[in-house]
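As provided, final.cif (mmCIF, C-alpha atoms and all ligand atoms) reads as follows.
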```
data_entry
loop_
_atom_site.group_PDB
_atom_site.id
_atom_site.type_symbol
_atom_site.label_atom_id
_atom_site.label_comp_id
_atom_site.auth_asym_id
_atom_site.auth_seq_id
_atom_site.Cartn_x
_atom_site.Cartn_y
_atom_site.Cartn_z
ATOM 1 C CA MET Q 11 22.221 -6.995 18.972
ATOM 2 C CA HIS Q 12 18.475 -7.386 18.460
ATOM 3 C CA THR Q 13 17.183 -10.762 19.556
ATOM 4 C CA ASP Q 14 13.478 -10.011 19.433
ATOM 5 C CA LEU Q 15 12.977 -9.559 15.703
ATOM 6 C CA VAL Q 16 10.409 -11.069 13.397
ATOM 7 C CA ALA Q 17 10.418 -11.142 9.630
ATOM 8 C CA ALA Q 18 7.228 -9.802 8.079
ATOM 9 C CA LEU Q 19 5.809 -10.369 4.601
ATOM 10 C CA ASP Q 20 2.953 -8.369 3.094
ATOM 11 C CA ILE Q 21 1.799 -10.065 -0.093
ATOM 12 C CA GLY Q 22 -0.627 -8.318 -2.422
ATOM 13 C CA GLY Q 23 -1.567 -8.322 -6.072
ATOM 14 C CA THR Q 24 0.841 -5.505 -6.970
ATOM 15 C CA LYS Q 25 3.761 -5.809 -4.531
ATOM 16 C CA ILE Q 26 5.504 -8.191 -2.191
ATOM 17 C CA ALA Q 27 6.956 -6.290 0.772
ATOM 18 C CA GLY Q 28 9.209 -7.699 3.455
ATOM 19 C CA ALA Q 29 10.735 -6.298 6.630
ATOM 20 C CA LEU Q 30 12.552 -7.078 9.815
ATOM 21 C CA VAL Q 31 10.468 -5.694 12.668
ATOM 22 C CA ASP Q 32 11.461 -5.401 16.316
ATOM 23 C CA GLY Q 33 9.370 -6.203 19.379
ATOM 24 C CA ARG Q 34 8.043 -2.648 19.531
ATOM 25 C CA GLY Q 35 6.878 -2.602 15.933
ATOM 26 C CA ARG Q 36 9.759 -0.611 14.472
ATOM 27 C CA ILE Q 37 10.785 -1.524 10.926
ATOM 28 C CA LEU Q 38 14.583 -1.976 10.833
ATOM 29 C CA LEU Q 39 15.031 -3.239 7.277
ATOM 30 C CA ARG Q 40 12.812 -3.327 4.201
ATOM 31 C CA ALA Q 41 12.791 -5.202 0.899
ATOM 32 C CA GLN Q 42 10.245 -5.111 -1.920
ATOM 33 C CA ARG Q 43 9.500 -6.602 -5.348
ATOM 34 C CA PRO Q 44 6.591 -6.115 -7.740
ATOM 35 C CA THR Q 45 4.254 -9.126 -7.701
ATOM 36 C CA PRO Q 46 4.554 -10.965 -11.039
ATOM 37 C CA ALA Q 47 0.832 -11.606 -10.672
ATOM 38 C CA ARG Q 48 0.244 -12.864 -14.227
ATOM 39 C CA GLU Q 49 3.069 -15.426 -14.057
ATOM 40 C CA ASP Q 50 2.997 -19.023 -12.834
ATOM 41 C CA GLY Q 51 3.111 -19.870 -9.142
ATOM 42 C CA ASP Q 52 6.816 -20.663 -8.951
ATOM 43 C CA THR Q 53 7.722 -17.324 -10.559
ATOM 44 C CA VAL Q 54 5.650 -15.505 -7.940
ATOM 45 C CA MET Q 55 7.393 -17.549 -5.239
ATOM 46 C CA ARG Q 56 10.799 -16.551 -6.634
ATOM 47 C CA ALA Q 57 9.885 -12.897 -6.039
ATOM 48 C CA VAL Q 58 9.006 -13.790 -2.428
ATOM 49 C CA GLU Q 59 12.351 -15.604 -2.083
ATOM 50 C CA GLU Q 60 14.208 -12.544 -3.428
ATOM 51 C CA VAL Q 61 12.567 -10.395 -0.771
ATOM 52 C CA LEU Q 62 13.411 -12.960 1.927
ATOM 53 C CA GLY Q 63 16.972 -13.211 0.566
ATOM 54 C CA GLU Q 64 17.528 -9.504 1.194
ATOM 55 C CA LEU Q 65 16.401 -10.002 4.769
ATOM 56 C CA THR Q 66 18.342 -13.212 5.485
ATOM 57 C CA ARG Q 67 21.584 -11.707 4.131
ATOM 58 C CA SER Q 68 21.382 -8.850 6.641
ATOM 59 C CA PRO Q 69 23.549 -9.025 9.782
ATOM 60 C CA LEU Q 70 20.289 -8.390 11.680
ATOM 61 C CA TRP Q 71 18.831 -11.722 10.523
ATOM 62 C CA GLY Q 72 20.397 -13.593 13.443
ATOM 63 C CA GLY Q 73 17.860 -11.899 15.734
ATOM 64 C CA ALA Q 74 14.839 -13.126 13.758
ATOM 65 C CA ARG Q 75 12.899 -15.883 15.461
ATOM 66 C CA ALA Q 76 9.629 -16.098 13.521
ATOM 67 C CA VAL Q 77 8.003 -15.069 10.259
ATOM 68 C CA GLY Q 78 4.596 -13.406 9.952
ATOM 69 C CA ILE Q 79 2.773 -13.326 6.609
ATOM 70 C CA GLY Q 80 -0.210 -11.155 5.757
ATOM 71 C CA SER Q 81 -1.531 -12.178 2.354
ATOM 72 C CA ALA Q 82 -4.305 -11.141 0.017
ATOM 73 C CA GLY Q 83 -7.049 -13.709 0.405
ATOM 74 C CA PRO Q 84 -8.499 -16.126 0.557
ATOM 75 C CA VAL Q 85 -5.904 -17.740 2.796
ATOM 76 C CA ASP Q 86 -6.136 -21.021 4.683
ATOM 77 C CA ALA Q 87 -3.954 -20.732 7.740
ATOM 78 C CA SER Q 88 -4.867 -24.229 8.927
ATOM 79 C CA ALA Q 89 -3.504 -25.717 5.685
ATOM 80 C CA GLY Q 90 -0.757 -23.108 5.255
ATOM 81 C CA THR Q 91 -1.998 -22.231 1.778
ATOM 82 C CA VAL Q 92 -3.049 -19.097 -0.084
ATOM 83 C CA SER Q 93 -5.256 -18.503 -3.133
ATOM 84 C CA PRO Q 94 -5.173 -14.720 -3.716
ATOM 85 C CA VAL Q 95 -7.917 -13.640 -6.124
ATOM 86 C CA ASN Q 96 -5.485 -11.407 -8.051
ATOM 87 C CA VAL Q 97 -2.665 -13.983 -8.271
ATOM 88 C CA PRO Q 98 -4.163 -16.799 -10.390
ATOM 89 C CA GLY Q 99 -0.891 -18.796 -10.340
ATOM 90 C CA TRP Q 100 -1.427 -19.425 -6.633
ATOM 91 C CA ARG Q 101 -4.383 -21.666 -5.900
ATOM 92 C CA GLY Q 102 -4.028 -23.631 -2.688
ATOM 93 C CA TYR Q 103 -0.353 -22.641 -2.871
ATOM 94 C CA PRO Q 104 1.739 -24.022 0.039
ATOM 95 C CA LEU Q 105 3.197 -20.652 0.970
ATOM 96 C CA VAL Q 106 3.898 -21.447 4.636
ATOM 97 C CA GLU Q 107 5.985 -24.512 3.767
ATOM 98 C CA ARG Q 108 7.954 -22.596 1.106
ATOM 99 C CA VAL Q 109 8.638 -19.644 3.392
ATOM 100 C CA ARG Q 110 9.707 -21.956 6.203
ATOM 101 C CA ALA Q 111 12.158 -23.646 3.809
ATOM 102 C CA ALA Q 112 13.518 -20.263 2.674
ATOM 103 C CA THR Q 113 14.090 -19.055 6.238
ATOM 104 C CA GLY Q 114 15.898 -22.023 7.749
ATOM 105 C CA GLY Q 115 12.878 -23.556 9.443
ATOM 106 C CA LEU Q 116 11.603 -20.573 11.473
ATOM 107 C CA PRO Q 117 8.003 -20.782 12.719
ATOM 108 C CA VAL Q 118 5.656 -19.133 10.205
ATOM 109 C CA GLU Q 119 2.317 -17.473 11.007
ATOM 110 C CA LEU Q 120 -0.080 -16.813 8.121
ATOM 111 C CA VAL Q 121 -3.091 -14.468 8.270
ATOM 112 C CA GLY Q 122 -5.285 -12.704 5.721
ATOM 113 C CA ASP Q 123 -4.474 -9.078 4.939
ATOM 114 C CA GLY Q 124 -7.558 -7.800 6.782
ATOM 115 C CA VAL Q 125 -6.475 -9.655 9.909
ATOM 116 C CA ALA Q 126 -2.921 -8.297 9.539
ATOM 117 C CA MET Q 127 -4.200 -4.716 9.277
ATOM 118 C CA THR Q 128 -6.267 -5.332 12.406
ATOM 119 C CA ALA Q 129 -3.235 -6.590 14.327
ATOM 120 C CA ALA Q 130 -1.335 -3.436 13.315
ATOM 121 C CA GLU Q 131 -4.103 -1.039 14.324
ATOM 122 C CA HIS Q 132 -4.439 -2.799 17.677
ATOM 123 C CA TRP Q 133 -0.714 -2.775 18.351
ATOM 124 C CA GLN Q 134 0.187 0.740 17.223
ATOM 125 C CA GLY Q 135 -2.830 2.453 15.675
ATOM 126 C CA ALA Q 136 -6.430 3.524 16.174
ATOM 127 C CA ALA Q 137 -7.548 0.376 18.043
ATOM 128 C CA ARG Q 138 -4.695 0.600 20.538
ATOM 129 C CA GLY Q 139 -5.952 0.115 24.082
ATOM 130 C CA HIS Q 140 -9.243 -1.412 22.889
ATOM 131 C CA ASP Q 141 -9.788 -5.043 23.886
ATOM 132 C CA ASN Q 142 -12.693 -5.544 21.474
ATOM 133 C CA ALA Q 143 -12.440 -3.984 18.038
ATOM 134 C CA LEU Q 144 -13.380 -4.450 14.410
ATOM 135 C CA CYS Q 145 -10.879 -3.103 11.881
ATOM 136 C CA MET Q 146 -11.761 -2.825 8.213
ATOM 137 C CA VAL Q 147 -10.123 -2.038 4.905
ATOM 138 C CA VAL Q 148 -12.503 -0.376 2.456
ATOM 139 C CA SER Q 149 -10.950 -0.026 -0.975
ATOM 140 C CA THR Q 150 -11.313 -2.142 -4.143
ATOM 141 C CA GLY Q 151 -12.770 -4.761 -1.818
ATOM 142 C CA VAL Q 152 -13.891 -4.703 1.793
ATOM 143 C CA GLY Q 153 -12.004 -6.818 4.334
ATOM 144 C CA GLY Q 154 -11.495 -6.788 8.045
ATOM 145 C CA GLY Q 155 -10.479 -8.499 11.234
ATOM 146 C CA LEU Q 156 -11.352 -8.740 14.908
ATOM 147 C CA ILE Q 157 -9.700 -8.124 18.254
ATOM 148 C CA LEU Q 158 -11.618 -9.984 20.978
ATOM 149 C CA GLY Q 159 -10.732 -10.091 24.648
ATOM 150 C CA GLY Q 160 -7.539 -8.150 23.957
ATOM 151 C CA LYS Q 161 -6.271 -10.662 21.402
ATOM 152 C CA LEU Q 162 -6.208 -10.983 17.648
ATOM 153 C CA HIS Q 163 -8.938 -13.408 16.568
ATOM 154 C CA PRO Q 164 -7.889 -14.737 13.158
ATOM 155 C CA GLY Q 165 -10.142 -17.799 13.307
ATOM 156 C CA PRO Q 166 -9.109 -21.308 12.207
ATOM 157 C CA THR Q 167 -8.295 -20.337 8.624
ATOM 158 C CA GLY Q 168 -7.094 -16.764 9.233
ATOM 159 C CA ASN Q 169 -10.145 -15.056 7.724
ATOM 160 C CA ALA Q 170 -12.366 -14.161 10.719
ATOM 161 C CA GLY Q 171 -13.870 -10.682 10.557
ATOM 162 C CA HIS Q 172 -14.317 -10.673 6.778
ATOM 163 C CA ILE Q 173 -17.132 -8.149 7.036
ATOM 164 C CA GLY Q 174 -17.172 -7.364 3.306
ATOM 165 C CA HIS Q 175 -19.198 -10.487 2.660
ATOM 166 C CA ILE Q 176 -21.834 -10.106 5.332
ATOM 167 C CA SER Q 177 -25.162 -9.554 3.552
ATOM 168 C CA VAL Q 178 -26.889 -6.313 4.548
ATOM 169 C CA ASP Q 179 -29.452 -6.348 1.709
ATOM 170 C CA LEU Q 180 -31.208 -9.717 1.600
ATOM 171 C CA ASP Q 181 -32.534 -9.377 -1.947
ATOM 172 C CA GLY Q 182 -29.749 -7.096 -3.141
ATOM 173 C CA ASP Q 183 -27.448 -7.307 -6.123
ATOM 174 C CA PRO Q 184 -25.529 -10.555 -6.677
ATOM 175 C CA CYS Q 185 -22.000 -10.350 -5.269
ATOM 176 C CA PRO Q 186 -19.024 -12.025 -6.988
ATOM 177 C CA CYS Q 187 -18.720 -14.216 -3.861
ATOM 178 C CA GLY Q 188 -22.035 -15.886 -4.746
ATOM 179 C CA ALA Q 189 -24.231 -14.217 -2.106
ATOM 180 C CA ARG Q 190 -26.421 -11.113 -2.449
ATOM 181 C CA GLY Q 191 -26.321 -7.609 -1.038
ATOM 182 C CA CYS Q 192 -22.913 -7.937 0.623
ATOM 183 C CA VAL Q 193 -21.335 -4.921 2.335
ATOM 184 C CA GLU Q 194 -18.630 -4.975 -0.343
ATOM 185 C CA ARG Q 195 -21.207 -4.938 -3.163
ATOM 186 C CA ILE Q 196 -22.458 -1.596 -1.808
ATOM 187 C CA ALA Q 197 -19.521 0.054 -0.015
ATOM 188 C CA SER Q 198 -16.357 -0.756 -1.985
ATOM 189 C CA GLY Q 199 -14.745 2.037 -4.002
ATOM 190 C CA PRO Q 200 -15.747 0.644 -7.413
ATOM 191 C CA ASN Q 201 -19.337 0.188 -6.238
ATOM 192 C CA ILE Q 202 -19.528 3.741 -4.843
ATOM 193 C CA ALA Q 203 -18.356 5.002 -8.238
ATOM 194 C CA ARG Q 204 -20.668 2.676 -10.192
ATOM 195 C CA ARG Q 205 -23.721 3.795 -8.239
ATOM 196 C CA ALA Q 206 -22.851 7.479 -8.695
ATOM 197 C CA ILE Q 207 -22.476 6.990 -12.465
ATOM 198 C CA GLU Q 208 -25.784 5.082 -12.650
ATOM 199 C CA GLY Q 209 -27.392 7.997 -10.817
ATOM 200 C CA GLY Q 210 -26.153 10.482 -13.404
ATOM 201 C CA TRP Q 211 -22.905 11.734 -11.861
ATOM 202 C CA ARG Q 212 -20.268 12.484 -14.493
ATOM 203 C CA PRO Q 213 -16.522 12.852 -13.964
ATOM 204 C CA GLY Q 214 -14.755 16.152 -14.494
ATOM 205 C CA ALA Q 215 -12.380 17.075 -17.328
ATOM 206 C CA ASP Q 216 -9.714 14.666 -16.030
ATOM 207 C CA GLY Q 217 -12.068 11.735 -16.633
ATOM 208 C CA ASP Q 218 -11.411 10.327 -13.153
ATOM 209 C CA MET Q 219 -14.295 7.954 -12.370
ATOM 210 C CA SER Q 220 -12.909 6.618 -9.076
ATOM 211 C CA ALA Q 221 -14.563 6.751 -5.669
ATOM 212 C CA ALA Q 222 -11.989 9.447 -4.787
ATOM 213 C CA ALA Q 223 -13.417 11.621 -7.574
ATOM 214 C CA VAL Q 224 -16.948 10.917 -6.328
ATOM 215 C CA ALA Q 225 -15.760 12.004 -2.859
ATOM 216 C CA VAL Q 226 -14.502 15.320 -4.266
ATOM 217 C CA ALA Q 227 -17.896 15.855 -5.909
ATOM 218 C CA ALA Q 228 -19.712 14.933 -2.692
ATOM 219 C CA ARG Q 229 -17.624 17.433 -0.756
ATOM 220 C CA ALA Q 230 -18.657 20.079 -3.311
ATOM 221 C CA GLY Q 231 -22.303 19.198 -2.657
ATOM 222 C CA ASP Q 232 -23.190 17.058 -5.697
ATOM 223 C CA PRO Q 233 -26.363 15.301 -4.454
ATOM 224 C CA VAL Q 234 -25.808 12.080 -6.428
ATOM 225 C CA ALA Q 235 -22.249 11.760 -5.118
ATOM 226 C CA VAL Q 236 -23.437 12.480 -1.575
ATOM 227 C CA ALA Q 237 -26.162 9.835 -1.925
ATOM 228 C CA SER Q 238 -23.703 7.203 -3.112
ATOM 229 C CA PHE Q 239 -21.482 7.753 -0.069
ATOM 230 C CA GLU Q 240 -24.546 7.770 2.200
ATOM 231 C CA ARG Q 241 -25.599 4.388 0.810
ATOM 232 C CA ALA Q 242 -22.089 2.991 1.349
ATOM 233 C CA ALA Q 243 -22.078 4.409 4.878
ATOM 234 C CA LYS Q 244 -25.413 2.715 5.598
ATOM 235 C CA ALA Q 245 -24.098 -0.661 4.450
ATOM 236 C CA LEU Q 246 -20.972 -0.260 6.575
ATOM 237 C CA ALA Q 247 -23.041 0.851 9.567
ATOM 238 C CA ALA Q 248 -25.345 -2.155 9.279
ATOM 239 C CA GLY Q 249 -22.375 -4.524 9.086
ATOM 240 C CA ILE Q 250 -20.569 -2.855 11.972
ATOM 241 C CA ALA Q 251 -23.715 -2.814 14.126
ATOM 242 C CA ALA Q 252 -24.309 -6.510 13.440
ATOM 243 C CA THR Q 253 -20.722 -7.298 14.425
ATOM 244 C CA ALA Q 254 -20.991 -5.226 17.601
ATOM 245 C CA THR Q 255 -24.230 -6.931 18.566
ATOM 246 C CA LEU Q 256 -22.694 -10.385 18.077
ATOM 247 C CA VAL Q 257 -19.369 -9.940 19.843
ATOM 248 C CA GLU Q 258 -19.550 -6.591 21.704
ATOM 249 C CA ILE Q 259 -16.863 -4.545 20.029
ATOM 250 C CA ASP Q 260 -16.559 -0.942 21.215
ATOM 251 C CA ILE Q 261 -14.692 0.558 18.253
ATOM 252 C CA ALA Q 262 -14.688 0.121 14.493
ATOM 253 C CA VAL Q 263 -11.598 1.349 12.639
ATOM 254 C CA ILE Q 264 -11.771 1.950 8.905
ATOM 255 C CA GLY Q 265 -8.754 2.166 6.601
ATOM 256 C CA GLY Q 266 -8.211 1.823 2.870
ATOM 257 C CA GLY Q 267 -8.665 4.292 0.040
ATOM 258 C CA VAL Q 268 -12.376 4.909 0.621
ATOM 259 C CA ALA Q 269 -11.712 6.005 4.233
ATOM 260 C CA LYS Q 270 -9.642 8.875 2.800
ATOM 261 C CA ALA Q 271 -12.963 10.441 1.775
ATOM 262 C CA GLY Q 272 -13.069 11.659 5.390
ATOM 263 C CA SER Q 273 -16.250 13.351 6.600
ATOM 264 C CA VAL Q 274 -18.029 12.519 3.335
ATOM 265 C CA LEU Q 275 -17.988 8.917 4.583
ATOM 266 C CA PHE Q 276 -17.655 9.216 8.352
ATOM 267 C CA ASP Q 277 -20.460 11.768 8.974
ATOM 268 C CA PRO Q 278 -23.221 9.639 7.400
ATOM 269 C CA LEU Q 279 -21.590 6.519 8.877
ATOM 270 C CA ARG Q 280 -21.871 7.888 12.422
ATOM 271 C CA ARG Q 281 -25.487 8.946 11.757
ATOM 272 C CA SER Q 282 -26.383 5.521 10.366
ATOM 273 C CA LEU Q 283 -24.729 3.739 13.265
ATOM 274 C CA ARG Q 284 -27.232 5.436 15.560
ATOM 275 C CA ASP Q 285 -29.997 3.883 13.447
ATOM 276 C CA TYR Q 286 -28.608 0.337 13.491
ATOM 277 C CA ALA Q 287 -26.610 -0.002 16.718
ATOM 278 C CA THR Q 288 -29.538 0.480 19.053
ATOM 279 C CA LEU Q 289 -29.219 -1.925 21.982
ATOM 280 C CA SER Q 290 -27.800 -0.616 25.247
ATOM 281 C CA PHE Q 291 -24.542 -2.576 24.973
ATOM 282 C CA VAL Q 292 -23.663 -1.287 21.493
ATOM 283 C CA ARG Q 293 -24.862 2.316 21.714
ATOM 284 C CA HIS Q 294 -21.454 3.529 22.899
ATOM 285 C CA LEU Q 295 -19.758 2.102 19.778
ATOM 286 C CA THR Q 296 -17.417 4.564 18.109
ATOM 287 C CA VAL Q 297 -15.966 4.603 14.606
ATOM 288 C CA GLY Q 298 -12.828 6.292 13.317
ATOM 289 C CA PRO Q 299 -10.164 6.230 10.616
ATOM 290 C CA ALA Q 300 -7.185 3.873 10.639
ATOM 291 C CA LEU Q 301 -3.815 5.368 11.565
ATOM 292 C CA MET Q 302 -1.215 2.913 10.296
ATOM 293 C CA GLY Q 303 -1.047 3.830 6.615
ATOM 294 C CA THR Q 304 0.945 1.796 4.132
ATOM 295 C CA ASP Q 305 3.013 -0.072 6.747
ATOM 296 C CA ALA Q 306 -0.087 -1.646 8.327
ATOM 297 C CA GLY Q 307 0.422 -4.890 6.385
ATOM 298 C CA LEU Q 308 4.039 -5.365 7.474
ATOM 299 C CA VAL Q 309 3.589 -4.263 11.076
ATOM 300 C CA GLY Q 310 0.444 -6.389 11.315
ATOM 301 C CA ALA Q 311 2.142 -9.491 9.912
ATOM 302 C CA ALA Q 312 4.854 -9.000 12.529
ATOM 303 C CA ALA Q 313 2.239 -8.582 15.264
ATOM 304 C CA ALA Q 314 0.463 -11.762 14.165
ATOM 305 C CA ALA Q 315 3.733 -13.703 14.438
ATOM 306 C CA LEU Q 316 4.552 -12.196 17.835
ATOM 307 C CA SER Q 317 1.052 -12.857 19.189
ATOM 308 C CA GLN Q 318 1.609 -16.558 18.490
ATOM 309 C CA GLU Q 319 4.531 -16.619 20.910
ATOM 310 C CA ALA Q 320 2.443 -16.967 24.051
ATOM 311 C CA GLY Q 321 3.646 -14.580 26.697
ATOM 312 C CA ALA Q 322 6.932 -13.913 24.962
ATOM 313 C CA VAL Q 323 6.035 -10.366 24.049
ATOM 314 C CA ASP Q 324 3.472 -8.025 25.536
ATOM 315 C CA LEU Q 325 1.820 -6.564 22.471
ATOM 316 C CA ARG Q 326 0.341 -3.708 24.420
ATOM 317 C CA PRO Q 327 2.766 -0.896 23.818
ATOM 318 C CA ALA Q 328 4.860 0.391 26.679
ATOM 319 C CA VAL Q 329 3.631 3.643 28.199
ATOM 320 C CA GLY Q 330 5.016 6.558 26.210
ATOM 321 C CA SER Q 331 6.085 4.470 23.227
HETATM 322 ZN ZN ZN Q 401 -20.087 -11.161 -1.182
#
```
Would you mind writing the file's structure down as structure tokens?
Amino acid sequence: MHTDLVAALDIGGTKIAGALVDGRGRILLRAQRPTPAREDGDTVMRAVEEVLGELTRSPLWGGARAVGIGSAGPVDASAGTVSPVNVPGWRGYPLVERVRAATGGLPVELVGDGVAMTAAEHWQGAARGHDNALCMVVSTGVGGGLILGGKLHPGPTGNAGHIGHISVDLDGDPCPCGARGCVERIASGPNIARRAIEGGWRPGADGDMSAAAVAVAARAGDPVAVASFERAAKALAAGIAATATLVEIDIAVIGGGVAKAGSVLFDPLRRSLRDYATLSFVRHLTVGPALMGTDAGLVGAAAAALSQEAGAVDLRPAVGS
């Protein structure tokens, strides 16, 4: 009988995933529903309750002692509410209270999805063994989270490490967040594609105008596609270097669809880091791809819940695990 389980929820604009996860990060049971993102808030909550219902009906449920939630942001962990950009029915929605009610009063830990991904990479992935790390998701948007002093640092509202909205271009293009020249405005997938198209790049016969298609062109040597990835890499490097200089991280881990571009992104990123991370205490900074894949949200939500139980679980994996 497992007695060290946590329930994990990964809530995004397209799917709501749930799992029972053990103290070593293994997923023992899964449940999933599409997110009814265009519906009202209570309808979205019913989909969450269906996912939780599949978990609570399992004989394993008796071993669950906490719930971790990683949600698309913004979240407010201090208030227990979420307002995901792509789920308009949820604005200041009291998700923590509702989940607690649906799970018989278990303690509930809420973090943003970037923070959850960071917890997963630190526990099981590319940031494992690093006490000070920045993990990022670069896809439609750019998010992230921080490990400081060996511990997840979600911040008071669960959003710390949101590197996508650090400005790296003071007079740059307006960002939907209200600022200018944000990392996301330059380095997200849609912005990589937009800049390539503005520079004259044209998609192939399949009409694919995504950043993935730009990456294929860059790999084939298309100079406009290469330049768009180099610009994105520069923005990421400036943001990573700033973060390293502030809090002394020694690794930056990058996941999300844009990271799948591989060397097209990482080669110029490593070059640019040498230009921006110049002080002695950040020069050793390394950068690499995330390892956790599609389960990062669930495993990370579980890790966030476990890390709240002070001393109950050592989140550093056992040797050989
Ligand atoms: Zn912004």
Please check which protein, DNA or RNA residues sit within 9 Å of ligand ZN 401 (chain Q), counting only C-alpha atoms and all ligand atoms, and write them as a PyMOL selection string.
-> chain Q and resi 174-177+184-195
Just C-alpha atoms for this one: save the residues we selected as a PDB file, keeping the file's coordinate frame.
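Written output follows (out_19.pdb):
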```pdb
ATOM      1  CA  GLY Q 174     -17.172  -7.364   3.306  1.00  0.00           C
ATOM      2  CA  HIS Q 175     -19.198 -10.487   2.660  1.00  0.00           C
ATOM      3  CA  ILE Q 176     -21.834 -10.106   5.332  1.00  0.00           C
ATOM      4  CA  SER Q 177     -25.162  -9.554   3.552  1.00  0.00           C
ATOM      5  CA  PRO Q 184     -25.529 -10.555  -6.677  1.00  0.00           C
ATOM      6  CA  CYS Q 185     -22.000 -10.350  -5.269  1.00  0.00           C
ATOM      7  CA  PRO Q 186     -19.024 -12.025  -6.988  1.00  0.00           C
ATOM      8  CA  CYS Q 187     -18.720 -14.216  -3.861  1.00  0.00           C
ATOM      9  CA  GLY Q 188     -22.035 -15.886  -4.746  1.00  0.00           C
ATOM     10  CA  ALA Q 189     -24.231 -14.217  -2.106  1.00  0.00           C
ATOM     11  CA  ARG Q 190     -26.421 -11.113  -2.449  1.00  0.00           C
ATOM     12  CA  GLY Q 191     -26.321  -7.609  -1.038  1.00  0.00           C
ATOM     13  CA  CYS Q 192     -22.913  -7.937   0.623  1.00  0.00           C
ATOM     14  CA  VAL Q 193     -21.335  -4.921   2.335  1.00  0.00           C
ATOM     15  CA  GLU Q 194     -18.630  -4.975  -0.343  1.00  0.00           C
ATOM     16  CA  ARG Q 195     -21.207  -4.938  -3.163  1.00  0.00           C
TER      17      ARG Q 195
END
```
For the structure provided, state which residues fall under the PyMOL selection byres (((chain Q and resi 236-246) around 8) and not hetatm), and present them as a PyMOL selection string.
-> chain Q and resi 178+193+196-198+202-203+205-206+225+227-229+231-235+247-250+274-276+278-279+282-283
Selection: 12 Å around range 58-60 of chain Q, only C-alpha atoms, excl. self and same-chain fewer than 2 positions, as a PDB file with C-alpha atoms, keeping the file's coordinate frame:
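Output below, filename around_1.pdb:
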```pdb
ATOM      1  CA  ALA Q  18       7.228  -9.802   8.079  1.00  0.00           C
ATOM      2  CA  LEU Q  19       5.809 -10.369   4.601  1.00  0.00           C
ATOM      3  CA  ASP Q  20       2.953  -8.369   3.094  1.00  0.00           C
ATOM      4  CA  ILE Q  21       1.799 -10.065  -0.093  1.00  0.00           C
ATOM      5  CA  GLY Q  22      -0.627  -8.318  -2.422  1.00  0.00           C
ATOM      6  CA  LYS Q  25       3.761  -5.809  -4.531  1.00  0.00           C
ATOM      7  CA  ILE Q  26       5.504  -8.191  -2.191  1.00  0.00           C
ATOM      8  CA  ALA Q  27       6.956  -6.290   0.772  1.00  0.00           C
ATOM      9  CA  GLY Q  28       9.209  -7.699   3.455  1.00  0.00           C
ATOM     10  CA  ALA Q  29      10.735  -6.298   6.630  1.00  0.00           C
ATOM     11  CA  ALA Q  41      12.791  -5.202   0.899  1.00  0.00           C
ATOM     12  CA  GLN Q  42      10.245  -5.111  -1.920  1.00  0.00           C
ATOM     13  CA  ARG Q  43       9.500  -6.602  -5.348  1.00  0.00           C
ATOM     14  CA  PRO Q  44       6.591  -6.115  -7.740  1.00  0.00           C
ATOM     15  CA  THR Q  45       4.254  -9.126  -7.701  1.00  0.00           C
ATOM     16  CA  PRO Q  46       4.554 -10.965 -11.039  1.00  0.00           C
ATOM     17  CA  ALA Q  47       0.832 -11.606 -10.672  1.00  0.00           C
ATOM     18  CA  GLY Q  51       3.111 -19.870  -9.142  1.00  0.00           C
ATOM     19  CA  ASP Q  52       6.816 -20.663  -8.951  1.00  0.00           C
ATOM     20  CA  THR Q  53       7.722 -17.324 -10.559  1.00  0.00           C
ATOM     21  CA  VAL Q  54       5.650 -15.505  -7.940  1.00  0.00           C
ATOM     22  CA  MET Q  55       7.393 -17.549  -5.239  1.00  0.00           C
ATOM     23  CA  ARG Q  56      10.799 -16.551  -6.634  1.00  0.00           C
ATOM     24  CA  LEU Q  62      13.411 -12.960   1.927  1.00  0.00           C
ATOM     25  CA  GLY Q  63      16.972 -13.211   0.566  1.00  0.00           C
ATOM     26  CA  GLU Q  64      17.528  -9.504   1.194  1.00  0.00           C
ATOM     27  CA  LEU Q  65      16.401 -10.002   4.769  1.00  0.00           C
ATOM     28  CA  THR Q  66      18.342 -13.212   5.485  1.00  0.00           C
ATOM     29  CA  ARG Q  67      21.584 -11.707   4.131  1.00  0.00           C
ATOM     30  CA  ILE Q  79       2.773 -13.326   6.609  1.00  0.00           C
ATOM     31  CA  SER Q  81      -1.531 -12.178   2.354  1.00  0.00           C
ATOM     32  CA  LEU Q 105       3.197 -20.652   0.970  1.00  0.00           C
ATOM     33  CA  VAL Q 106       3.898 -21.447   4.636  1.00  0.00           C
ATOM     34  CA  ARG Q 108       7.954 -22.596   1.106  1.00  0.00           C
ATOM     35  CA  VAL Q 109       8.638 -19.644   3.392  1.00  0.00           C
ATOM     36  CA  ARG Q 110       9.707 -21.956   6.203  1.00  0.00           C
ATOM     37  CA  ALA Q 111      12.158 -23.646   3.809  1.00  0.00           C
ATOM     38  CA  ALA Q 112      13.518 -20.263   2.674  1.00  0.00           C
ATOM     39  CA  THR Q 113      14.090 -19.055   6.238  1.00  0.00           C
TER      40      THR Q 113
END
```
Do you know which residues the PyMOL selection byres (((chain Q and resi 38) around 12) and not hetatm) returns on this file, as JSON, numbers by chain?
-> {"Q": [12, 14, 15, 16, 17, 18, 28, 29, 30, 31, 32, 33, 34, 35, 36, 37, 39, 40, 41, 65, 68, 69, 70, 71, 73, 74, 308, 309]}
Produce the centre coordinates and the three edge lengths, each in Å to one decimal, of the box along x, y and z that contains all listed atoms of range 136-146 of chain Q with 3 Å added on each side, as AutoDock Vina command-line options.
```
--center_x -9.0 --center_y -1.0 --center_z 16.1 --size_x 14.7 --size_y 15.1 --size_z 21.9
```
Kindly give the distance, in Å, that separates CA of Ala215 in chain Q and CA of Gly151 in chain Q, rounded to a single decimal.
-> 26.8 Å
